[in-house]
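Coordinates as given in final-v3.pdb (PDB, C-alpha atoms, pLDDT in the B column):
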MODEL        1
ATOM      1  CA  MET H   1      -1.757  -8.958 -10.875  1.00 38.00           C
ATOM      2  CA  SER H   2       1.721 -10.064 -10.063  1.00 40.00           C
ATOM      3  CA  SER H   3       4.291  -7.790  -8.478  1.00 43.00           C
ATOM      4  CA  THR H   4       6.007  -7.303 -11.809  1.00 46.00           C
ATOM      5  CA  ALA H   5       2.883  -6.943 -13.930  1.00 46.00           C
ATOM      6  CA  ALA H   6       2.831  -3.660 -15.759  1.00 46.00           C
ATOM      7  CA  ALA H   7      -0.411  -1.807 -16.287  1.00 47.00           C
ATOM      8  CA  PRO H   8      -0.435   0.486 -19.332  1.00 46.00           C
ATOM      9  CA  GLU H   9      -1.863   3.321 -17.195  1.00 52.00           C
ATOM     10  CA  CYS H  10       1.107   3.045 -14.854  1.00 49.00           C
ATOM     11  CA  GLY H  11       3.767   3.367 -17.529  1.00 58.00           C
ATOM     12  CA  GLY H  12       5.148  -0.123 -16.882  1.00 68.00           C
ATOM     13  CA  ALA H  13       5.511   0.359 -13.117  1.00 77.00           C
ATOM     14  CA  LYS H  14       4.857  -2.301 -10.479  1.00 89.00           C
ATOM     15  CA  THR H  15       1.229  -2.681  -9.462  1.00 93.00           C
ATOM     16  CA  SER H  16       1.526  -4.818  -6.323  1.00 96.00           C
ATOM     17  CA  TRP H  17       4.130  -5.694  -3.711  1.00 97.00           C
ATOM     18  CA  PRO H  18       3.475  -9.151  -2.218  1.00 96.00           C
ATOM     19  CA  GLU H  19       7.054  -9.262  -0.920  1.00 97.00           C
ATOM     20  CA  LEU H  20       6.138  -6.585   1.641  1.00 96.00           C
ATOM     21  CA  VAL H  21       3.628  -8.732   3.540  1.00 95.00           C
ATOM     22  CA  GLY H  22       4.833  -8.998   7.142  1.00 91.00           C
ATOM     23  CA  LEU H  23       6.926  -5.813   7.127  1.00 93.00           C
ATOM     24  CA  SER H  24       6.149  -2.704   9.148  1.00 92.00           C
ATOM     25  CA  VAL H  25       4.058   0.026   7.537  1.00 94.00           C
ATOM     26  CA  GLU H  26       7.082   2.336   7.411  1.00 95.00           C
ATOM     27  CA  GLU H  27       9.236  -0.307   5.703  1.00 95.00           C
ATOM     28  CA  ALA H  28       6.453  -0.996   3.208  1.00 96.00           C
ATOM     29  CA  LYS H  29       5.997   2.708   2.453  1.00 96.00           C
ATOM     30  CA  LYS H  30       9.737   3.128   1.862  1.00 97.00           C
ATOM     31  CA  ALA H  31       9.842   0.180  -0.552  1.00 97.00           C
ATOM     32  CA  ILE H  32       6.739   1.324  -2.444  1.00 96.00           C
ATOM     33  CA  LEU H  33       8.046   4.880  -2.770  1.00 96.00           C
ATOM     34  CA  LYS H  34      11.356   3.534  -4.078  1.00 96.00           C
ATOM     35  CA  ASP H  35       9.480   1.786  -6.906  1.00 95.00           C
ATOM     36  CA  LYS H  36       6.779   4.429  -7.340  1.00 95.00           C
ATOM     37  CA  PRO H  37       7.899   7.852  -6.054  1.00 96.00           C
ATOM     38  CA  ASP H  38       4.594   9.514  -6.968  1.00 95.00           C
ATOM     39  CA  ALA H  39       2.515   7.033  -4.944  1.00 96.00           C
ATOM     40  CA  ASP H  40      -0.271   8.364  -2.735  1.00 97.00           C
ATOM     41  CA  ILE H  41      -0.057   5.716   0.004  1.00 96.00           C
ATOM     42  CA  VAL H  42      -3.177   5.143   2.089  1.00 95.00           C
ATOM     43  CA  VAL H  43      -2.975   2.940   5.210  1.00 95.00           C
ATOM     44  CA  LEU H  44      -6.267   1.293   6.232  1.00 94.00           C
ATOM     45  CA  PRO H  45      -7.434  -1.400   8.630  1.00 94.00           C
ATOM     46  CA  VAL H  46      -8.199  -4.726   6.938  1.00 93.00           C
ATOM     47  CA  GLY H  47     -11.865  -4.819   5.976  1.00 94.00           C
ATOM     48  CA  SER H  48     -12.232  -1.057   5.611  1.00 95.00           C
ATOM     49  CA  PRO H  49     -14.725   0.042   2.982  1.00 96.00           C
ATOM     50  CA  VAL H  50     -12.959   1.608   0.015  1.00 96.00           C
ATOM     51  CA  THR H  51     -14.060   3.355  -3.142  1.00 96.00           C
ATOM     52  CA  THR H  52     -14.010   1.338  -6.354  1.00 96.00           C
ATOM     53  CA  ASP H  53     -12.519   4.083  -8.515  1.00 97.00           C
ATOM     54  CA  TYR H  54      -9.136   3.340 -10.071  1.00 95.00           C
ATOM     55  CA  ARG H  55      -6.354   5.819  -9.396  1.00 96.00           C
ATOM     56  CA  PRO H  56      -2.959   4.814 -10.789  1.00 95.00           C
ATOM     57  CA  ASP H  57      -1.153   6.937  -8.185  1.00 95.00           C
ATOM     58  CA  ARG H  58      -2.906   5.406  -5.152  1.00 97.00           C
ATOM     59  CA  VAL H  59      -1.466   2.416  -3.261  1.00 97.00           C
ATOM     60  CA  ARG H  60      -3.457   0.998  -0.365  1.00 97.00           C
ATOM     61  CA  ILE H  61      -1.753  -0.810   2.507  1.00 96.00           C
ATOM     62  CA  PHE H  62      -4.125  -2.882   4.642  1.00 95.00           C
ATOM     63  CA  VAL H  63      -3.045  -3.643   8.223  1.00 94.00           C
ATOM     64  CA  ASP H  64      -4.495  -5.782  11.012  1.00 91.00           C
ATOM     65  CA  THR H  65      -1.825  -6.108  13.690  1.00 82.00           C
ATOM     66  CA  VAL H  66      -1.975  -4.611  17.176  1.00 82.00           C
ATOM     67  CA  ALA H  67       1.543  -3.273  17.753  1.00 79.00           C
ATOM     68  CA  GLU H  68       1.255  -2.424  21.462  1.00 84.00           C
ATOM     69  CA  ALA H  69      -1.000  -3.448  24.324  1.00 87.00           C
ATOM     70  CA  PRO H  70      -4.141  -1.327  24.353  1.00 82.00           C
ATOM     71  CA  HIS H  71      -4.550   0.609  27.584  1.00 85.00           C
ATOM     72  CA  VAL H  72      -6.846   3.119  29.228  1.00 86.00           C
ATOM     73  CA  GLY H  73      -5.670   6.675  29.483  1.00 89.00           C
TER      74      GLY H  73
ENDMDL
END
Give the structure from this file in structure tokens form.
Amino acid sequence: MSSTAAAPECGGAKTSWPELVGLSVEEAKKAILKDKPDADIVVLPVGSPVTTDYRPDRVRIFVDTVAEAPHVG
């Protein structure tokens, strides 16, 4: 679906946000919540197994970037 596609279950709301690719998780959450204040945002690593049930309030953000150098301690 495109970023402006409206699903009947969502009351005409956005269903995807391709313009957020490359932003930080916090920036993405802020933008999603602006468009969909009732969103239950779930942040997951890319490739994570997910359920196949459809929930119109759930938005999944998949991430794969290491933000800081991993270190022991």
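If only C-alpha atoms are the atoms counted, then among H:Val42, H:Ala67, H:Leu33, H:Leu20 the closest residue to Arg55 (chain H) is H:Val42.
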Which is closest to Val46 (chain H) among H:Lys34, H:Lys29, H:Gly73, H:Val66, if we use only C-alpha atoms?
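Ranking H:Lys34, H:Lys29, H:Gly73, H:Val66 by distance to Val46 (chain H), first place goes to H:Val66.
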Between CA of Gly22 (chain H) and CA of Ala39 (chain H), what is the spacing in Å?
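Interatomic distance here is 20.2 Å.
Evaluated against the shown file, the PyMOL selection byres ((chain H and resi 31) around 12) gives Lys14, Ser16, Trp17, Pro18, Glu19, Leu20, Val21, Leu23, Ser24, Val25, Glu26, Glu27, Ala28, Lys29, Lys30, Ile32, Leu33, Lys34, Asp35, Lys36, Pro37, Ala39, Ile41 and Val59 of chain H.
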For a test of reading the model, state the distance in Å between CA of Asp64 (chain H) and CA of Asp38 (chain H), rounded to one decimal.
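Separating CA of Asp64 (chain H) from CA of Asp38 (chain H) is a distance of 25.3 Å.
The space separating CA of Ile61 (chain H) from CA of Leu44 (chain H) comes to 6.2 Å.
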Take the structure in the block and write a file for region 36-57 of chain H, N, CA, C and O atoms, as a PDB file, in the first residue's frame.
ATOM      1  N   LYS H  36      -1.321   9.234  13.317  1.00  0.00           N
ATOM      2  CA  LYS H  36      -2.153   8.175  13.896  1.00  0.00           C
ATOM      3  C   LYS H  36      -1.939   8.154  15.404  1.00  0.00           C
ATOM      4  O   LYS H  36      -1.190   7.335  15.923  1.00  0.00           O
ATOM      5  N   PRO H  37      -2.580   9.060  16.134  1.00  0.00           N
ATOM      6  CA  PRO H  37      -2.339   9.205  17.575  1.00  0.00           C
ATOM      7  C   PRO H  37      -2.608   7.958  18.403  1.00  0.00           C
ATOM      8  O   PRO H  37      -2.030   7.786  19.471  1.00  0.00           O
ATOM      9  N   ASP H  38      -3.464   7.065  17.910  1.00  0.00           N
ATOM     10  CA  ASP H  38      -3.791   5.853  18.659  1.00  0.00           C
ATOM     11  C   ASP H  38      -2.869   4.676  18.332  1.00  0.00           C
ATOM     12  O   ASP H  38      -3.105   3.559  18.783  1.00  0.00           O
ATOM     13  N   ALA H  39      -1.809   4.928  17.568  1.00  0.00           N
ATOM     14  CA  ALA H  39      -0.925   3.847  17.131  1.00  0.00           C
ATOM     15  C   ALA H  39      -0.220   3.168  18.304  1.00  0.00           C
ATOM     16  O   ALA H  39       0.274   3.831  19.216  1.00  0.00           O
ATOM     17  N   ASP H  40      -0.187   1.848  18.243  1.00  0.00           N
ATOM     18  CA  ASP H  40       0.616   1.032  19.159  1.00  0.00           C
ATOM     19  C   ASP H  40       1.882   0.704  18.382  1.00  0.00           C
ATOM     20  O   ASP H  40       1.885  -0.202  17.547  1.00  0.00           O
ATOM     21  N   ILE H  41       2.948   1.460  18.603  1.00  0.00           N
ATOM     22  CA  ILE H  41       4.175   1.326  17.815  1.00  0.00           C
ATOM     23  C   ILE H  41       5.074   0.275  18.443  1.00  0.00           C
ATOM     24  O   ILE H  41       5.390   0.329  19.624  1.00  0.00           O
ATOM     25  N   VAL H  42       5.494  -0.677  17.604  1.00  0.00           N
ATOM     26  CA  VAL H  42       6.358  -1.771  18.037  1.00  0.00           C
ATOM     27  C   VAL H  42       7.652  -1.674  17.232  1.00  0.00           C
ATOM     28  O   VAL H  42       7.617  -1.663  16.001  1.00  0.00           O
ATOM     29  N   VAL H  43       8.789  -1.582  17.923  1.00  0.00           N
ATOM     30  CA  VAL H  43      10.092  -1.501  17.253  1.00  0.00           C
ATOM     31  C   VAL H  43      10.746  -2.870  17.328  1.00  0.00           C
ATOM     32  O   VAL H  43      10.896  -3.438  18.424  1.00  0.00           O
ATOM     33  N   LEU H  44      11.160  -3.396  16.166  1.00  0.00           N
ATOM     34  CA  LEU H  44      11.725  -4.744  16.065  1.00  0.00           C
ATOM     35  C   LEU H  44      12.960  -4.747  15.175  1.00  0.00           C
ATOM     36  O   LEU H  44      13.040  -3.973  14.221  1.00  0.00           O
ATOM     37  N   PRO H  45      13.896  -5.668  15.437  1.00  0.00           N
ATOM     38  CA  PRO H  45      15.007  -5.831  14.512  1.00  0.00           C
ATOM     39  C   PRO H  45      14.507  -6.380  13.174  1.00  0.00           C
ATOM     40  O   PRO H  45      13.551  -7.176  13.146  1.00  0.00           O
ATOM     41  N   VAL H  46      15.120  -5.975  12.079  1.00  0.00           N
ATOM     42  CA  VAL H  46      14.777  -6.508  10.770  1.00  0.00           C
ATOM     43  C   VAL H  46      14.906  -8.024  10.823  1.00  0.00           C
ATOM     44  O   VAL H  46      15.866  -8.552  11.389  1.00  0.00           O
ATOM     45  N   GLY H  47      13.937  -8.719  10.256  1.00  0.00           N
ATOM     46  CA  GLY H  47      13.978 -10.173  10.216  1.00  0.00           C
ATOM     47  C   GLY H  47      13.321 -10.850  11.408  1.00  0.00           C
ATOM     48  O   GLY H  47      13.271 -12.072  11.475  1.00  0.00           O
ATOM     49  N   SER H  48      12.828 -10.059  12.350  1.00  0.00           N
ATOM     50  CA  SER H  48      12.163 -10.644  13.517  1.00  0.00           C
ATOM     51  C   SER H  48      10.899 -11.380  13.083  1.00  0.00           C
ATOM     52  O   SER H  48      10.168 -10.912  12.209  1.00  0.00           O
ATOM     53  N   PRO H  49      10.626 -12.513  13.719  1.00  0.00           N
ATOM     54  CA  PRO H  49       9.346 -13.174  13.428  1.00  0.00           C
ATOM     55  C   PRO H  49       8.206 -12.334  14.016  1.00  0.00           C
ATOM     56  O   PRO H  49       8.351 -11.750  15.090  1.00  0.00           O
ATOM     57  N   VAL H  50       7.128 -12.230  13.276  1.00  0.00           N
ATOM     58  CA  VAL H  50       5.979 -11.459  13.736  1.00  0.00           C
ATOM     59  C   VAL H  50       4.711 -12.278  13.503  1.00  0.00           C
ATOM     60  O   VAL H  50       4.672 -13.164  12.655  1.00  0.00           O
ATOM     61  N   THR H  51       3.690 -11.958  14.257  1.00  0.00           N
ATOM     62  CA  THR H  51       2.404 -12.616  14.066  1.00  0.00           C
ATOM     63  C   THR H  51       1.782 -12.119  12.765  1.00  0.00           C
ATOM     64  O   THR H  51       2.124 -11.044  12.269  1.00  0.00           O
ATOM     65  N   THR H  52       0.877 -12.901  12.212  1.00  0.00           N
ATOM     66  CA  THR H  52       0.249 -12.519  10.946  1.00  0.00           C
ATOM     67  C   THR H  52      -1.130 -11.904  11.147  1.00  0.00           C
ATOM     68  O   THR H  52      -1.807 -11.598  10.172  1.00  0.00           O
ATOM     69  N   ASP H  53      -1.542 -11.727  12.405  1.00  0.00           N
ATOM     70  CA  ASP H  53      -2.840 -11.110  12.648  1.00  0.00           C
ATOM     71  C   ASP H  53      -2.798  -9.632  12.274  1.00  0.00           C
ATOM     72  O   ASP H  53      -1.762  -8.993  12.355  1.00  0.00           O
ATOM     73  N   TYR H  54      -3.934  -9.116  11.823  1.00  0.00           N
ATOM     74  CA  TYR H  54      -4.021  -7.711  11.433  1.00  0.00           C
ATOM     75  C   TYR H  54      -4.636  -6.917  12.577  1.00  0.00           C
ATOM     76  O   TYR H  54      -5.725  -7.228  13.055  1.00  0.00           O
ATOM     77  N   ARG H  55      -3.915  -5.906  13.011  1.00  0.00           N
ATOM     78  CA  ARG H  55      -4.417  -4.996  14.043  1.00  0.00           C
ATOM     79  C   ARG H  55      -4.294  -3.581  13.499  1.00  0.00           C
ATOM     80  O   ARG H  55      -3.184  -3.087  13.286  1.00  0.00           O
ATOM     81  N   PRO H  56      -5.397  -2.914  13.257  1.00  0.00           N
ATOM     82  CA  PRO H  56      -5.345  -1.579  12.652  1.00  0.00           C
ATOM     83  C   PRO H  56      -4.668  -0.525  13.514  1.00  0.00           C
ATOM     84  O   PRO H  56      -4.271   0.521  12.999  1.00  0.00           O
ATOM     85  N   ASP H  57      -4.485  -0.798  14.806  1.00  0.00           N
ATOM     86  CA  ASP H  57      -3.815   0.175  15.674  1.00  0.00           C
ATOM     87  C   ASP H  57      -2.316  -0.062  15.779  1.00  0.00           C
ATOM     88  O   ASP H  57      -1.595   0.772  16.300  1.00  0.00           O
TER      89      ASP H  57
END
